>>> print(open('model28.txt').read())   # compact mmCIF, C-alpha atoms
# COMPACT_ATOMS: atom_id res chain seq x y z
CA MET W 1 -20.29 -8.06 -21.97
CA GLU W 2 -18.91 -8.69 -18.47
CA GLN W 3 -16.82 -11.75 -17.84
CA LEU W 4 -18.34 -14.20 -15.32
CA LEU W 5 -16.70 -16.27 -12.60
CA GLU W 6 -17.70 -19.70 -11.37
CA SER W 7 -18.44 -19.82 -7.65
CA GLY W 8 -15.62 -20.93 -5.40
CA ARG W 9 -17.92 -21.58 -2.44
CA ARG W 10 -19.83 -24.70 -1.53
CA GLY W 11 -23.26 -24.53 -3.05
CA PRO W 12 -24.94 -24.54 -6.45
CA ALA W 13 -22.49 -24.58 -9.31
CA THR W 14 -24.64 -22.08 -11.15
CA THR W 15 -23.74 -19.20 -8.79
CA ARG W 16 -21.94 -16.54 -10.80
CA LEU W 17 -20.74 -12.98 -10.31
CA PRO W 18 -19.86 -10.27 -12.83
CA VAL W 19 -16.14 -9.62 -12.60
CA ALA W 20 -16.53 -5.88 -13.25
CA ARG W 21 -18.69 -5.41 -10.14
CA LEU W 22 -16.23 -7.25 -7.95
CA ARG W 23 -13.32 -5.28 -9.38
CA TRP W 24 -15.06 -1.96 -8.74
CA ALA W 25 -15.99 -3.00 -5.19
CA ILE W 26 -12.41 -3.92 -4.30
CA SER W 27 -11.17 -0.69 -5.94
CA LEU W 28 -13.55 1.31 -3.73
CA PHE W 29 -12.01 -0.24 -0.63
CA PHE W 30 -8.51 0.64 -1.84
CA ALA W 31 -9.61 4.23 -2.52
CA LEU W 32 -11.37 4.43 0.85
CA ASP W 33 -8.19 3.32 2.63
CA GLY W 34 -6.12 6.06 1.01
CA PHE W 35 -8.88 8.65 1.48
CA VAL W 36 -9.37 8.06 5.22
CA PHE W 37 -5.66 7.80 6.01
CA ALA W 38 -4.78 10.98 4.12
CA GLY W 39 -7.67 12.81 5.77
CA TRP W 40 -6.30 11.84 9.18
CA VAL W 41 -2.75 12.90 8.31
CA VAL W 42 -3.94 16.37 7.28
CA ARG W 43 -5.37 16.94 10.78
CA ILE W 44 -2.30 15.83 12.75
CA PRO W 45 -1.14 19.45 13.35
CA ALA W 46 -4.54 20.33 14.85
CA ILE W 47 -4.52 17.24 17.05
CA LYS W 48 -1.01 18.19 18.23
CA GLU W 49 -2.32 21.55 19.42
CA GLN W 50 -5.34 19.90 21.00
CA ILE W 51 -3.28 17.62 23.25
CA ASP W 52 -0.52 20.23 23.68
CA ALA W 53 2.25 17.75 22.89
CA SER W 54 5.86 18.43 21.99
CA PRO W 55 7.11 17.06 18.66
CA GLY W 56 8.90 14.20 20.40
CA VAL W 57 5.89 13.18 22.47
CA LEU W 58 3.63 13.45 19.41
CA GLY W 59 6.03 11.22 17.47
CA LEU W 60 5.76 8.54 20.15
CA ALA W 61 1.97 8.75 20.06
CA LEU W 62 1.94 8.48 16.27
CA LEU W 63 3.90 5.23 16.56
CA GLY W 64 0.58 3.73 17.63
CA VAL W 65 -0.49 3.59 13.99
CA SER W 66 2.68 1.78 12.99
CA VAL W 67 2.69 -0.66 15.90
CA GLY W 68 -0.99 -1.46 15.43
CA SER W 69 -0.55 -2.02 11.70
CA VAL W 70 2.54 -4.23 11.80
CA THR W 71 1.35 -6.38 14.69
CA THR W 72 -2.03 -6.98 13.03
CA MET W 73 -0.95 -7.81 9.49
CA LEU W 74 0.19 -11.38 10.10
CA LEU W 75 -2.90 -12.01 12.25
CA ALA W 76 -5.04 -10.64 9.42
CA GLY W 77 -3.54 -13.20 7.07
CA ARG W 78 -4.71 -15.99 9.37
CA LEU W 79 -8.16 -14.44 9.71
CA CYS W 80 -8.45 -14.26 5.93
CA ARG W 81 -7.57 -17.93 5.64
CA ARG W 82 -10.19 -18.84 8.24
CA TYR W 83 -13.08 -16.50 7.41
CA GLY W 84 -12.30 -15.35 3.87
CA ASN W 85 -10.78 -12.20 2.38
CA HIS W 86 -14.12 -10.54 1.65
CA PRO W 87 -15.63 -10.59 5.19
CA VAL W 88 -12.33 -9.44 6.74
CA THR W 89 -12.15 -6.58 4.21
CA VAL W 90 -15.64 -5.36 5.12
CA VAL W 91 -15.14 -5.62 8.89
CA THR W 92 -11.74 -3.89 8.92
CA ALA W 93 -13.00 -1.11 6.61
CA ALA W 94 -15.84 -0.42 9.02
CA LEU W 95 -13.40 -0.40 11.95
CA LEU W 96 -11.09 1.98 10.10
CA SER W 97 -13.99 4.36 9.39
CA LEU W 98 -15.15 4.31 13.00
CA SER W 99 -11.71 4.55 14.62
CA VAL W 100 -10.72 7.67 12.65
CA THR W 101 -13.26 9.61 14.75
CA LEU W 102 -11.42 8.85 18.01
CA PRO W 103 -8.28 11.09 17.91
CA PRO W 104 -10.25 14.37 18.37
CA LEU W 105 -11.74 12.90 21.57
CA THR W 106 -8.34 12.46 23.23
CA HIS W 107 -6.80 14.86 25.75
CA ASP W 108 -3.19 13.69 26.05
CA ALA W 109 -0.55 11.75 24.15
CA VAL W 110 -1.22 8.47 25.97
CA GLN W 111 -4.88 8.48 24.99
CA LEU W 112 -3.95 9.42 21.44
CA GLY W 113 -1.43 6.58 21.20
CA LEU W 114 -4.01 4.05 22.43
CA VAL W 115 -6.70 5.05 19.94
CA LEU W 116 -4.12 5.10 17.16
CA LEU W 117 -3.28 1.49 18.02
CA LEU W 118 -6.86 0.62 17.11
CA PHE W 119 -6.75 2.80 14.00
CA GLY W 120 -3.47 1.19 12.93
CA ALA W 121 -4.81 -2.32 13.56
CA ALA W 122 -7.80 -1.64 11.29
CA TYR W 123 -5.54 -0.06 8.67
CA GLY W 124 -3.12 -3.00 8.66
CA GLY W 125 -5.87 -5.61 8.58
CA LEU W 126 -7.65 -3.87 5.73
CA ASN W 127 -4.45 -3.64 3.68
CA VAL W 128 -3.86 -7.38 3.95
CA ALA W 129 -7.49 -8.33 3.30
CA PHE W 130 -8.14 -6.23 0.20
CA ASN W 131 -4.75 -7.06 -1.30
CA ALA W 132 -5.51 -10.77 -0.83
CA ALA W 133 -8.95 -10.27 -2.41
CA ALA W 134 -7.34 -8.44 -5.33
CA VAL W 135 -4.77 -11.22 -5.80
CA ASP W 136 -7.58 -13.81 -5.84
CA LEU W 137 -9.43 -11.90 -8.55
CA ALA W 138 -6.29 -11.36 -10.64
CA GLU W 139 -5.46 -15.08 -10.43
CA ALA W 140 -9.00 -16.07 -11.37
CA ILE W 141 -9.24 -13.91 -14.49
CA GLY W 142 -5.60 -14.36 -15.46
CA ARG W 143 -4.77 -10.67 -15.76
CA PRO W 144 -2.21 -8.56 -13.81
CA ILE W 145 -4.74 -6.03 -12.50
CA LEU W 146 -3.20 -5.37 -9.07
CA PRO W 147 -1.61 -2.01 -10.10
CA SER W 148 -5.06 -0.62 -10.93
CA PHE W 149 -6.17 -1.24 -7.34
CA HIS W 150 -3.10 0.53 -5.99
CA ALA W 151 -3.84 3.40 -8.37
CA ALA W 152 -7.23 3.66 -6.65
CA PHE W 153 -5.43 3.83 -3.28
CA SER W 154 -3.17 6.64 -4.55
CA ALA W 155 -6.13 8.51 -6.04
CA GLY W 156 -8.03 8.17 -2.77
CA GLY W 157 -5.03 9.54 -0.90
CA LEU W 158 -4.78 12.54 -3.20
CA ALA W 159 -8.53 13.18 -2.80
CA GLY W 160 -8.36 12.85 0.98
CA ALA W 161 -5.41 15.20 1.27
CA GLY W 162 -6.95 17.73 -1.13
CA LEU W 163 -10.33 17.70 0.58
CA GLY W 164 -8.67 17.91 3.99
CA GLY W 165 -6.70 20.96 2.91
CA LEU W 166 -9.91 22.65 1.77
CA LEU W 167 -11.94 21.78 4.88
CA ALA W 168 -9.27 22.36 7.54
CA PRO W 169 -9.83 26.13 7.80
CA TYR W 170 -13.60 25.70 8.21
CA LEU W 171 -14.19 22.44 10.09
CA SER W 172 -12.85 21.31 13.44
CA PRO W 173 -10.93 18.01 13.43
CA GLN W 174 -13.89 16.33 15.15
CA ARG W 175 -16.37 17.33 12.43
CA HIS W 176 -13.92 16.68 9.61
CA LEU W 177 -13.02 13.18 10.80
CA LEU W 178 -16.66 12.43 11.54
CA LEU W 179 -17.40 13.32 7.93
CA LEU W 180 -14.69 10.87 6.84
CA ALA W 181 -16.30 8.20 9.00
CA VAL W 182 -19.70 8.75 7.41
CA VAL W 183 -18.22 8.53 3.93
CA GLY W 184 -16.26 5.44 4.93
CA LEU W 185 -19.29 3.64 6.35
CA LEU W 186 -21.40 4.48 3.28
CA VAL W 187 -18.70 3.16 0.94
CA THR W 188 -18.27 0.07 3.12
CA ALA W 189 -22.01 -0.62 3.07
CA PHE W 190 -22.21 -0.17 -0.71
CA ALA W 191 -19.08 -2.04 -1.74
CA GLY W 192 -19.30 -4.55 1.12
CA ARG W 193 -22.68 -5.72 -0.09
CA VAL W 194 -21.04 -6.79 -3.34
CA LEU W 195 -18.13 -8.52 -1.61
CA LEU W 196 -20.24 -10.41 0.92
CA ARG W 197 -22.52 -11.73 -1.82
CA ALA W 198 -19.63 -12.56 -4.12
CA PRO W 199 -18.42 -16.09 -4.73
CA VAL W 200 -14.76 -16.54 -3.93
CA PRO W 201 -12.82 -16.34 -7.20
CA ARG W 202 -10.55 -19.32 -7.76
CA GLY W 203 -8.27 -19.79 -10.73
CA PRO W 204 -6.56 -23.00 -11.83
CA GLY W 205 -3.26 -21.72 -10.45
CA SER W 206 -4.62 -20.48 -7.15
CA PRO W 207 -2.36 -20.56 -4.08
CA ALA W 208 -4.61 -23.08 -2.37
CA GLU W 209 -4.25 -25.53 -5.23
CA ALA W 210 -0.50 -24.96 -5.47
CA THR W 211 -0.11 -25.67 -1.77
CA ARG W 212 -2.02 -28.92 -2.02
CA THR W 213 0.08 -30.21 -4.90
CA ALA W 214 3.49 -28.98 -3.76
CA GLY W 215 5.96 -31.15 -1.90
CA SER W 216 7.89 -30.05 1.15
CA GLY W 217 10.85 -28.88 -0.95
CA SER W 218 8.58 -26.83 -3.18
CA THR W 219 6.86 -25.37 -0.12
CA ASP W 220 10.19 -24.25 1.32
CA ARG W 221 11.08 -22.59 -1.99
CA LEU W 222 7.71 -20.84 -2.10
CA ARG W 223 8.31 -19.49 1.40
CA LEU W 224 11.70 -18.22 0.32
CA PHE W 225 10.17 -16.50 -2.71
CA ILE W 226 7.54 -14.88 -0.48
CA VAL W 227 10.24 -13.49 1.82
CA VAL W 228 12.22 -12.14 -1.15
CA TYR W 229 9.13 -10.44 -2.55
CA GLY W 230 8.56 -9.04 0.93
CA LEU W 231 12.09 -7.61 0.93
CA ILE W 232 11.33 -5.98 -2.43
CA THR W 233 8.27 -4.29 -0.91
CA LEU W 234 10.45 -3.16 2.01
CA CYS W 235 13.01 -1.57 -0.34
CA THR W 236 10.40 0.33 -2.33
CA ALA W 237 8.19 1.30 0.62
CA TYR W 238 11.30 2.72 2.31
CA GLY W 239 11.52 5.18 -0.57
CA GLU W 240 7.83 6.09 -0.43
CA GLY W 241 7.94 6.81 3.28
CA ALA W 242 11.24 8.67 3.18
CA LEU W 243 10.32 10.85 0.22
CA ALA W 244 6.95 11.72 1.75
CA ASP W 245 8.62 13.05 4.91
CA TRP W 246 11.87 14.49 3.53
CA GLY W 247 11.25 15.37 -0.13
CA ALA W 248 9.80 18.80 0.55
CA LEU W 249 12.44 19.58 3.18
CA HIS W 250 15.23 18.78 0.71
CA LEU W 251 13.82 21.36 -1.71
CA SER W 252 13.36 24.05 0.93
CA ALA W 253 16.54 23.50 2.98
CA ASP W 254 19.06 22.48 0.32
CA LEU W 255 17.76 24.33 -2.76
CA HIS W 256 16.20 27.24 -0.80
CA THR W 257 12.81 27.10 -2.51
CA GLY W 258 9.64 28.57 -1.05
CA PRO W 259 7.12 26.42 0.84
CA GLY W 260 4.75 26.21 -2.15
CA VAL W 261 7.44 24.91 -4.49
CA ALA W 262 8.69 22.49 -1.83
CA ALA W 263 5.21 21.03 -1.33
CA SER W 264 4.78 20.71 -5.09
CA GLY W 265 7.79 18.41 -5.24
CA TYR W 266 6.06 15.65 -3.34
CA ALA W 267 2.85 16.31 -5.28
CA VAL W 268 4.76 15.58 -8.50
CA PHE W 269 6.00 12.29 -7.02
CA ALA W 270 2.50 11.27 -5.87
CA LEU W 271 0.84 12.26 -9.14
CA THR W 272 3.28 10.37 -11.36
CA MET W 273 2.94 7.33 -9.10
CA THR W 274 -0.85 7.42 -9.44
CA VAL W 275 -0.75 7.78 -13.23
CA SER W 276 1.86 5.03 -13.57
CA ARG W 277 -0.20 2.65 -11.47
CA ALA W 278 -3.24 3.36 -13.61
CA SER W 279 -1.26 2.12 -16.63
CA GLY W 280 0.38 -0.73 -14.72
CA THR W 281 -1.86 -3.49 -16.06
CA TRP W 282 -1.13 -2.39 -19.63
CA LEU W 283 2.61 -2.48 -18.94
CA LEU W 284 2.49 -5.87 -17.22
CA GLU W 285 0.52 -7.49 -20.02
CA ARG W 286 3.04 -6.29 -22.60
CA LEU W 287 6.34 -6.51 -20.73
CA GLY W 288 5.79 -9.07 -17.98
CA ASP W 289 6.14 -8.65 -14.25
CA THR W 290 9.92 -9.16 -14.09
CA ALA W 291 10.62 -6.50 -16.71
CA VAL W 292 8.31 -4.02 -14.96
CA LEU W 293 9.81 -4.80 -11.56
CA VAL W 294 13.46 -4.60 -12.64
CA THR W 295 12.99 -1.59 -14.92
CA GLY W 296 10.93 0.19 -12.27
CA GLY W 297 13.58 -0.31 -9.62
CA LEU W 298 16.36 0.94 -11.89
CA LEU W 299 14.29 3.93 -13.04
CA ALA W 300 13.59 4.86 -9.43
CA ALA W 301 17.28 4.55 -8.59
CA VAL W 302 18.27 6.91 -11.41
CA GLY W 303 15.44 9.29 -10.54
CA MET W 304 16.33 9.45 -6.86
CA LEU W 305 20.01 10.03 -7.54
CA THR W 306 18.93 12.95 -9.72
CA GLY W 307 16.45 14.23 -7.15
CA ALA W 308 18.93 14.00 -4.28
CA LEU W 309 22.05 15.40 -5.95
CA ALA W 310 20.88 17.76 -8.72
CA PRO W 311 21.67 21.43 -8.05
CA GLN W 312 18.64 22.85 -9.88
CA THR W 313 14.98 22.72 -8.85
CA TRP W 314 13.63 21.50 -12.20
CA LEU W 315 16.05 18.59 -12.15
CA VAL W 316 14.93 17.65 -8.65
CA PHE W 317 11.32 17.72 -9.85
CA LEU W 318 12.30 15.50 -12.77
CA GLY W 319 14.05 13.13 -10.37
CA TYR W 320 10.98 12.94 -8.12
CA ALA W 321 8.78 12.25 -11.15
CA LEU W 322 11.03 9.42 -12.36
CA THR W 323 11.12 7.99 -8.86
CA GLY W 324 7.32 7.97 -8.69
CA MET W 325 7.08 6.31 -12.09
CA GLY W 326 9.66 3.71 -11.13
CA LEU W 327 8.34 2.78 -7.69
CA ALA W 328 4.67 2.85 -8.72
CA ASN W 329 4.27 -0.74 -9.87
CA VAL W 330 7.07 -2.48 -7.99
CA PHE W 331 5.07 -2.78 -4.77
CA PRO W 332 1.91 -4.15 -6.47
CA VAL W 333 3.93 -6.65 -8.51
CA ALA W 334 5.79 -7.90 -5.44
CA VAL W 335 2.63 -8.19 -3.33
CA GLY W 336 0.81 -9.90 -6.20
CA ASN W 337 3.57 -12.49 -6.63
CA ALA W 338 3.73 -13.09 -2.88
CA GLY W 339 -0.02 -13.65 -2.87
CA ALA W 340 0.17 -15.96 -5.88
CA SER W 341 2.78 -18.00 -4.01
CA GLY W 342 1.21 -18.07 -0.56
CA GLY W 343 -2.33 -16.74 -0.64
CA SER W 344 -3.47 -14.33 2.08
CA GLN W 345 -0.55 -15.31 4.32
CA GLY W 346 1.88 -14.46 1.51
CA VAL W 347 0.21 -11.08 1.15
CA ALA W 348 0.45 -10.61 4.94
CA VAL W 349 4.20 -11.33 4.98
CA ALA W 350 4.91 -9.00 2.05
CA SER W 351 2.68 -6.26 3.48
CA THR W 352 4.31 -6.52 6.90
CA LEU W 353 7.79 -6.17 5.45
CA GLY W 354 6.59 -3.36 3.18
CA TYR W 355 5.10 -1.41 6.05
CA THR W 356 8.32 -1.98 7.99
CA GLY W 357 10.09 -0.22 5.12
CA ILE W 358 7.74 2.74 5.44
CA LEU W 359 8.57 2.91 9.15
CA LEU W 360 12.33 2.63 8.61
CA GLY W 361 12.58 5.23 5.85
CA PRO W 362 11.92 8.56 7.62
CA PRO W 363 14.01 7.95 10.78
CA SER W 364 16.86 6.41 8.78
CA ILE W 365 17.05 9.47 6.55
CA GLY W 366 16.98 11.66 9.66
CA PHE W 367 19.89 9.89 11.34
CA LEU W 368 21.94 9.73 8.15
CA SER W 369 21.32 13.38 7.32
CA GLU W 370 22.82 14.45 10.63
CA ALA W 371 26.02 12.58 9.79
CA PHE W 372 26.30 13.08 6.01
CA GLY W 373 23.75 15.73 5.02
CA LEU W 374 20.25 15.30 3.62
CA PRO W 375 21.21 14.90 -0.08
CA ALA W 376 23.60 12.04 0.71
CA ALA W 377 21.07 10.44 3.04
CA MET W 378 18.40 10.46 0.32
CA THR W 379 20.66 8.46 -2.01
CA THR W 380 19.85 5.44 0.19
CA ILE W 381 16.43 5.50 -1.49
CA ALA W 382 18.19 4.99 -4.83
CA ALA W 383 20.37 2.21 -3.40
CA LEU W 384 17.39 0.25 -2.08
CA ALA W 385 15.46 0.74 -5.32
CA ALA W 386 18.41 -0.76 -7.21
CA LEU W 387 18.50 -3.62 -4.68
CA ALA W 388 14.79 -4.24 -5.35
CA ALA W 389 15.57 -4.51 -9.07
CA LEU W 390 18.36 -7.02 -8.37
CA LEU W 391 16.14 -9.11 -6.08
CA GLY W 392 13.40 -9.09 -8.72
CA HIS W 393 15.82 -10.46 -11.30
CA LEU W 394 17.18 -13.11 -8.93
CA VAL W 395 13.80 -14.35 -7.75
CA ARG W 396 12.62 -14.72 -11.33
CA ARG W 397 15.68 -16.84 -12.14
CA GLY W 398 14.96 -18.92 -9.05
CA ARG W 399 11.34 -19.48 -10.03
CA ASP W 400 12.30 -20.45 -13.58
CA ARG W 401 14.86 -22.90 -12.19
CA THR W 402 12.20 -24.38 -9.88
CA ARG W 403 9.76 -24.89 -12.76
CA ASN W 404 12.42 -26.65 -14.85
CA THR W 405 13.51 -28.98 -12.03
CA PRO W 406 11.76 -32.39 -12.21
CA ALA W 407 9.80 -33.36 -9.10
>>> encode(input="model28.txt", output="structure tokens")
Amino acid sequence: MEQLLESGRRGPATTRLPVARLRWAISLFFALDGFVFAGWVVRIPAIKEQIDASPGVLGLALLGVSVGSVTTMLLAGRLCRRYGNHPVTVVTAALLSLSVTLPPLTHDAVQLGLVLLLFGAAYGGLNVAFNAAAVDLAEAIGRPILPSFHAAFSAGGLAGAGLGGLLAPYLSPQRHLLLLAVVGLLVTAFAGRVLLRAPVPRGPGSPAEATRTAGSGSTDRLRLFIVVYGLITLCTAYGEGALADWGALHLSADLHTGPGVAASGYAVFALTMTVSRASGTWLLERLGDTAVLVTGGLLAAVGMLTGALAPQTWLVFLGYALTGMGLANVFPVAVGNAGASGGSQGVAVASTLGYTGILLGPPSIGFLSEAFGLPAAMTTIAALAALAALLGHLVRRGRDRTRNTPA
């Protein structure tokens, strides 16, 4: 039998919603986000040829996604507070689906950069909105279910990349991305119907209630905790972004593997991350969020040291797998705790810092590799993963101290 939630909106107290339907609807939006973004990434080489851009010019145009995302995330947090997480999720998902059709219509890098600003804005807004909706649901039912939503995102990304690889030889970018838009709008219509009809889930420990009852000193501490959780997302997202861009190159350039083996290295990382996120709720319910966060950060640090410095291919694969397992649930735990502390605005702060980490990772590895070599540069992923573990331990001690301090 499905668990039922009381309505959090003004209206009849008898309004109820099955939790399972709401959980599946939010999961579909997470999967859609990964699916559409991965489908776009697969077609970047074709778009590069279309606009006849050099690698440097293309890189500047691609910054449109990053700039649009980061600048929109904090605004999305305010929109969620004003209009609700569910409506903002539906609107930004529709915008993401529509905007992915625009890059094939561009003719130069300036046009591409401008349409990618819109695409990035929709992507950033959607990430904040559905994470805030997921945090609300997790708080209401009292279960740490956020990793399962991020597993849906990873699975959607794998599906989008796989389908894109199959369709690329047969469909033009315009037809392929139009197909993604159709799928996105259908999913948005189906899952959005559930979200827009859903009562807002509110638990007894919801951020809104905590804010009303907290004094100014407690509010300042909550803000500090949110920033620390945001730094944890930055440390782990740095590793995700850097490994995505440089993991295959490390295998091919430093271990002299073929292109197929090099590409498989990142696939191992992505697959283990997806599987680990799928089991994240089980781990959190048995070990607790601090243990998962700290252990995950340390496991990723050990894995990345192995992946960066090992002289044999199978050891590098093992290192990538351990890194994926370790990083998998750190980001969801940090975002979930930021949302539990500050609602949609807490999610926005943590997401903004996390996406900043994704932006910093690839160029930082590039600059460091020129000075010290790629293997040494990739050890910074391990260092930041270990820092995330330390911050997770410290913020838990701080929260325990806050709870034990009399008002």
>>> residues_near_point(input="model28.txt", point="(8.0, 7.8, 7.3)", cutoff="8 Å", atoms="all atoms listed in the file", output="ChimeraX atom specification")
/W:238,240-242,244-245,358-363
>>> closest_residue(input="model28.txt", among="W:Phe37, W:Leu118, W:Pro169, W:Ala263", to="W:Trp246", atoms="all atoms listed in the file")
W:Ala263
>>> atom_distance(input="model28.txt", atom1="atom CA of W:Ile26", atom2="atom CA of W:Gln174")
28.1 Å
>>> residues_around(input="model28.txt", residues="stretch 318-326 of chain W", least_positions_apart="3", cutoff="9 Å", atoms="only C-alpha atoms", output="VMD selection string")
chain W and resid 239 to 240 243 247 265 to 266 268 to 277 292 to 293 295 to 308 310 313 to 315 329 to 330 382 385
>>> atom_distance(input="model28.txt", atom1="atom CA of W:Asn85", atom2="atom CA of W:Thr356")
22.4 Å
>>> closest_residue(input="model28.txt", among="W:Gly68, W:Gly125, W:Pro199, W:Gly354", to="W:Val228", atoms="all atoms listed in the file")
W:Gly354
>>> closest_residue(input="model28.txt", among="W:Val36, W:Leu384, W:Val91, W:Ile47", to="W:Ala191", atoms="all atoms listed in the file")
W:Val91
>>> closest_residue(input="model28.txt", among="W:Ala20, W:Leu75, W:Ile141, W:Ala161", to="W:Leu126", atoms="only C-alpha atoms")
W:Leu75
>>> closest_residue(input="model28.txt", among="W:Phe119, W:Phe190, W:Tyr83, W:Tyr170", to="W:Ser344", atoms="only C-alpha atoms")
W:Tyr83
>>> closest_residue(input="model28.txt", among="W:Ala25, W:Val182, W:Leu60, W:Cys80", to="W:Val100", atoms="only C-alpha atoms")
W:Val182
>>> atom_distance(input="model28.txt", atom1="atom CA of W:Gln50", atom2="atom CA of W:Ser97")
21.2 Å
>>> residues_around(input="model28.txt", residues="W:Gly160", least_positions_apart="4", cutoff="8 Å", atoms="only C-alpha atoms", output="PyMOL selection string")
chain W and resi 34-39+156+164
>>> residues_near_point(input="model28.txt", point="(-7.3, 21.7, 20.7)", cutoff="12 Å", atoms="only C-alpha atoms", output="list of chain:residue names")
W:Arg43, W:Ile44, W:Pro45, W:Ala46, W:Ile47, W:Lys48, W:Glu49, W:Gln50, W:Ile51, W:Asp52, W:Ala53, W:Pro103, W:Pro104, W:Leu105, W:Thr106, W:His107, W:Asp108, W:Ser172, W:Pro173, W:Gln174
